[in-house]
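**Q** Shown below is the structure under consideration.
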Amino acid sequence: MDISYTILIPLIPLAVFLLLGIFNQKIKPAVSGYIGVAGLSASAALSFYTAYQYFFVVGKESGIYKTIVQKVTWMNFTDTLHIDMGVLIDPISIMMLIVVSIVSLMVHIYSRGYMKGDDGYTRFFSFLSLFSFSMFGLVLATNLFQIYIFWELVGVSSFLLIGYYYTKPSAVSAAKKAFIVTRFADLGFLIGILIMGYYTGTFDFETLNNPEGPAILNWASTSFMGLSVITWALILMFIGGAGKSAMFPLHIWLPDAMEGPTPVSALIHAATMVVAGVYLVARLFPMFYFVEDGFALNIVAYVGGFSSLFAAIIAITQTDIKRVLAFSTMSQIGYMMMSLGVSGYEGHEGVGYMASMFHLFTHAMFKALLFLAAGSVIHAVHSNYLKDMGGLRKYMPITNITFLIAALAIAGVFPLSGFWSKDEILVAAFEHNTLLYVVGVFVAGLTAFYMFRLYFGIFWGKDTQYKHEPHESPLSMTFPLMVLAFITVVGGLIHFSEYVSADKAGFEAHLNIPLALVATAVGLTGIILAFVFYKKENELPSRFAHAFGVFYKWTFDKFYFDEIYLFVTKKIIFNLIAAPIAWFDKKFVDGTMEGIGNKTVVISKRIKGIQSGKVQDYAFSFIAGVVILALVFIYLWTN
């Protein structure tokens, strides 16, 4: 299979970014929107063509989907250690191409209506194209350093889009917060890459992931604090992934990132950028699984499980609809991490790996739908808060139906796509870790409850007296909603396990009816409770909030993690560590250098008369020197 054309998939958005960025003031806003949509349409078409060719034309070779790589060497360090730039095609990179292209294209189309009339319209589309280029480059990377380069470009794109409203202090603060938090995580990623390269002698994914290769077979050659250095490298790289995917405790940037325009939330912080961490673990899954009996993979499982529970609890109490969806994203990403962490490798044992990728695909569609529908609501009522909403089903029928479909999907209601992918995750957890299974089932109930709290609060609840009567969004905004809703309905029918598996051989997955019934019952219980609490305005929510007292307040304030980070940063790092170091630097380091400089100046002032440039001074000095030498000579001669 010739894949040389696939380089165009990221290069087309790059060309659009350069075109719109350079000619920002010369291109009419309406034209820039069409250019952005046309560029992503071309990349999406190439992505779908690649998927068709890979799965249905080339197919399996000896029962396994092969990995196809085309690359050129960029930097040489040793015979085996070098940085390449190229394209890697395998089941998960194909899956990610489809996810990124669909969601990005829908966001581009949606943005034409949502951002209409905005002063930075062309600039916005150029930033969207930069992000798409970065994400396409990330998923096609052939080695650790190539993925790191695009990983950082994704971070830059996120910074630009979160801080798009740069005259708004809260948006600037949110952009800096996201950038700084993920920089700390990415430092761990970079150190992990360097350790991996030094001890394995390669950055190449094919070589690293070969179960019979030296990178996996020789992992125990060097150890540190009881763990092999390869395990430490994997843990450090997971820290980078946890930061990008907003896993606990590096989650604090994600809720604030909602300061960007709503299409940005759908594109970056719901469907694509935040799953980069999941994709990284999946890309290196053989190493995570085989090295040291999967020690690093256990960390992935428990961090994911705790993050999913932690975020779901917080989501119940939030009143900003975009923040509810942000914590929902964190919870669902935790589900994916947990599923990877409890997965085996061969055949059905790898159901966790398959389920994680399946949920990544389905979640991308219905979460993007939820964010875009939320944007449609915000566009109509000019507020993010539930208190300003209610009864909108009468005014916004398309938004109402599509939001309901997405809410049912994330709640795991049969036969929508979320039911199938979430069921497989719970099956994997049940077979490998009972504790995480219980957490997963409980989170499923919480998810159904907070999502229908949101749905009933927006579209039912009180009949708010709006200053201006809300109306349905234009076709440019509702068309993406309908497309994503359609994919949400039919996406679960894909026989995903036949295409994506840990060993690339595929297997036939079966519905575990008892576990599915348990999860469905829990989800329906959450929906029914939300119906009782929020279908009509009543006192139950306030009574329960009062009953939970301090715990409710802690949950509403996100367990004060922002305050804890600020305290540690300002009071401990700045005051107790940075301030003494700054004092020592100023008084001793700078003081020593300044003292040497000052003494040099004083001495130079005193001796500069020696070179005055006056002949009479030089003559005087010459004669005085001769006289002194003569007197010394006479003294020595006479004695």
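Chain labels A, B, ... are given in the sequence in which chains occur in the structure tokens; within each chain residues are numbered consecutively from 1, and ligands are likewise numbered from 1 in the order shown.
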Residues within 10 Å of Val264 (chain A), please, as a PyMOL selection string. Count only C-alpha atoms; anything in the same chain fewer than 3 positions from it doesn't count.

**A** chain A and resi 104+107-108+111+124+127-128+158+161-162+164+257-261+267-270+368+371-372

**Q** I need the residues in region 196-272 of chain A that are strand (DSSP E or B) according to DSSP; give them as a ChimeraX atom specification.

**A** /A:204,223-224,227-228

**Q** Keeping only N, CA and C atoms, take the residues you just selected and write them out as a PDB file, in the first residue's frame.

**A**
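Ended up saving to again_10.pdb:
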ATOM      1  N   ASP A 204      12.070   4.572  17.916  1.00  0.00           N
ATOM      2  CA  ASP A 204      11.121   4.083  16.920  1.00  0.00           C
ATOM      3  C   ASP A 204      10.023   3.230  17.555  1.00  0.00           C
ATOM      4  N   SER A 223      18.364  -0.858  36.969  1.00  0.00           N
ATOM      5  CA  SER A 223      17.225  -0.537  37.837  1.00  0.00           C
ATOM      6  C   SER A 223      17.554   0.674  38.704  1.00  0.00           C
ATOM      7  N   PHE A 224      16.483   1.295  39.217  1.00  0.00           N
ATOM      8  CA  PHE A 224      16.612   2.456  40.095  1.00  0.00           C
ATOM      9  C   PHE A 224      15.468   2.409  41.102  1.00  0.00           C
ATOM     10  N   LEU A 227      12.843  -0.379  40.644  1.00  0.00           N
ATOM     11  CA  LEU A 227      12.149  -0.495  39.356  1.00  0.00           C
ATOM     12  C   LEU A 227      13.158  -0.347  38.231  1.00  0.00           C
ATOM     13  N   SER A 228      12.887  -1.004  37.123  1.00  0.00           N
ATOM     14  CA  SER A 228      13.780  -0.856  35.973  1.00  0.00           C
ATOM     15  C   SER A 228      13.674   0.562  35.425  1.00  0.00           C
TER      16      SER A 228
END

**Q** Give me the residues within 10 Å of Ala444 (chain A) as a ChimeraX atom specification, counting only C-alpha atoms and dropping any in the same chain fewer than 3 places off.

**A** /A:308-309,312,331-332,335,410-412,422,426,438-441,447-449,519-524,526

**Q** Just the residues within 7 Å of Asp320 (chain A), please, counting only C-alpha atoms, with nothing from its chain fewer than 4 positions along; format it as an NGL selection string.

**A** :A and (324 or 384-386)

**Q** Determine which residues of region 453-487 of chain A receive a DSSP assignment of alpha helix (DSSP H), computed from the backbone, and state them as a PyMOL selection string.

**A** chain A and resi 453-459+475-487

**Q** Could you save the residues just selected, with C-alpha atoms, as a compact mmCIF listing (two decimals), in the first residue's frame?

**A**
# COMPACT_ATOMS: atom_id res chain seq x y z
CA ARG A 453 -29.59 17.09 35.54
CA LEU A 454 -28.09 19.19 32.77
CA TYR A 455 -30.66 18.12 30.16
CA PHE A 456 -33.71 18.75 32.34
CA GLY A 457 -32.26 22.01 33.67
CA ILE A 458 -31.73 23.37 30.16
CA PHE A 459 -34.72 22.07 28.21
CA LEU A 475 -28.30 25.53 9.68
CA SER A 476 -24.52 26.02 9.78
CA MET A 477 -24.74 25.19 13.50
CA THR A 478 -27.53 22.59 13.51
CA PHE A 479 -26.17 20.56 10.58
CA PRO A 480 -23.07 19.40 12.55
CA LEU A 481 -25.37 18.55 15.46
CA MET A 482 -27.46 16.28 13.24
CA VAL A 483 -24.40 14.60 11.70
CA LEU A 484 -22.84 13.89 15.09
CA ALA A 485 -26.20 12.68 16.45
CA PHE A 486 -26.48 10.24 13.54
CA ILE A 487 -22.98 8.87 14.23

**Q** Go through A:Met273, A:Ile12, A:Ile35, A:Ala246 one by one, measure the shortest atom-to-atom distance of each to Leu153 (chain A) using only C-alpha atoms, and give the residue with the smallest value.

**A**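 Looking at the shortest contact to Leu153 (chain A), the residue is A:Met273.
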
**Q** Residues near Phe306 (chain A), anyone? I mean within 8 Å using only C-alpha atoms, not counting same-chain ones fewer than 4 positions away, as a list in words.

**A** Phe248, Tyr302, Phe310 and Gly334 of chain A

**Q** Go ahead and save the residues from that selection, with N, CA, C and O atoms, as a compact mmCIF listing (two decimals), in the first residue's frame.

**A**
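Full text of selection-v8.txt as output:
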# COMPACT_ATOMS: atom_id res chain seq x y z
N PHE A 248 -6.16 13.33 37.24
CA PHE A 248 -5.80 13.74 38.58
C PHE A 248 -4.33 13.42 38.85
O PHE A 248 -3.86 12.33 38.49
N TYR A 302 -5.24 2.70 37.97
CA TYR A 302 -5.76 3.32 39.20
C TYR A 302 -5.89 4.83 39.09
O TYR A 302 -6.84 5.42 39.63
N PHE A 310 -13.60 10.94 40.74
CA PHE A 310 -13.37 12.27 41.27
C PHE A 310 -14.10 13.32 40.43
O PHE A 310 -14.81 14.19 40.95
N GLY A 334 -10.85 9.23 32.10
CA GLY A 334 -10.44 8.31 33.16
C GLY A 334 -10.92 6.90 32.89
O GLY A 334 -10.20 5.92 33.13

**Q** If you measure from CA of Ile64 (chain A) to CA of Gly344 (chain A), what distance in Å do you get, rounded to one decimal?

**A** 17.2 Å

**Q** Which is closest to Val87 (chain A) among A:Ala630, A:Ile68, A:Ile513, A:Ala30, if we use only C-alpha atoms?

**A**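 Nearest to Val87 (chain A): A:Ile68.
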
**Q** Quick one: residues within 10 Å of Glu152 (chain A), only C-alpha atoms, excluding same-chain residues fewer than 5 positions away - as a PDB file with N, CA and C atoms, in the first residue's frame?

**A**
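What landed in part.pdb:
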ATOM      1  N   SER A 134      -1.482  19.997  13.856  1.00  0.00           N
ATOM      2  CA  SER A 134      -0.722  19.445  14.977  1.00  0.00           C
ATOM      3  C   SER A 134      -1.262  18.083  15.391  1.00  0.00           C
ATOM      4  N   LEU A 138       0.513  14.413  15.167  1.00  0.00           N
ATOM      5  CA  LEU A 138       0.708  13.614  16.380  1.00  0.00           C
ATOM      6  C   LEU A 138       0.290  12.160  16.160  1.00  0.00           C
ATOM      7  N   ILE A 147       6.412  12.435  17.848  1.00  0.00           N
ATOM      8  CA  ILE A 147       5.158  12.658  18.559  1.00  0.00           C
ATOM      9  C   ILE A 147       5.314  13.782  19.578  1.00  0.00           C
ATOM     10  N   SER A 157      -1.265  25.345  20.141  1.00  0.00           N
ATOM     11  CA  SER A 157      -2.590  25.580  19.548  1.00  0.00           C
ATOM     12  C   SER A 157      -3.635  25.768  20.639  1.00  0.00           C
ATOM     13  N   SER A 158      -3.560  24.933  21.667  1.00  0.00           N
ATOM     14  CA  SER A 158      -4.488  25.040  22.792  1.00  0.00           C
ATOM     15  C   SER A 158      -4.357  26.399  23.473  1.00  0.00           C
ATOM     16  N   PHE A 179      -1.243  26.139  29.739  1.00  0.00           N
ATOM     17  CA  PHE A 179       0.096  26.011  29.170  1.00  0.00           C
ATOM     18  C   PHE A 179       1.111  25.617  30.239  1.00  0.00           C
ATOM     19  N   THR A 182       0.494  21.925  31.741  1.00  0.00           N
ATOM     20  CA  THR A 182       0.907  20.882  30.806  1.00  0.00           C
ATOM     21  C   THR A 182       2.409  20.922  30.532  1.00  0.00           C
ATOM     22  N   ARG A 183       3.052  22.082  30.731  1.00  0.00           N
ATOM     23  CA  ARG A 183       4.516  22.126  30.581  1.00  0.00           C
ATOM     24  C   ARG A 183       5.194  21.288  31.651  1.00  0.00           C
ATOM     25  N   ASP A 186       4.753  17.784  30.589  1.00  0.00           N
ATOM     26  CA  ASP A 186       5.546  17.481  29.401  1.00  0.00           C
ATOM     27  C   ASP A 186       7.030  17.372  29.705  1.00  0.00           C
TER      28      ASP A 186
END

**Q** If I take CA of Gly63 (chain A) and CA of Ala505 (chain A), how far is one from the other in Å, to one decimal?

**A** 5.8 Å

**Q** From the list A:Ile252, A:Met225, A:Met85, A:Met357, which residue is nearest Phe559 (chain A) when using only C-alpha atoms?

**A** A:Ile252

**Q** At a cut-off of 7 Å, using only C-alpha atoms, what residues contact Leu140 (chain A)? Leave out same-chain residues fewer than 3 positions from it and give the result as a PyMOL selection string.

**A** chain A and resi 87-89+93+136-137
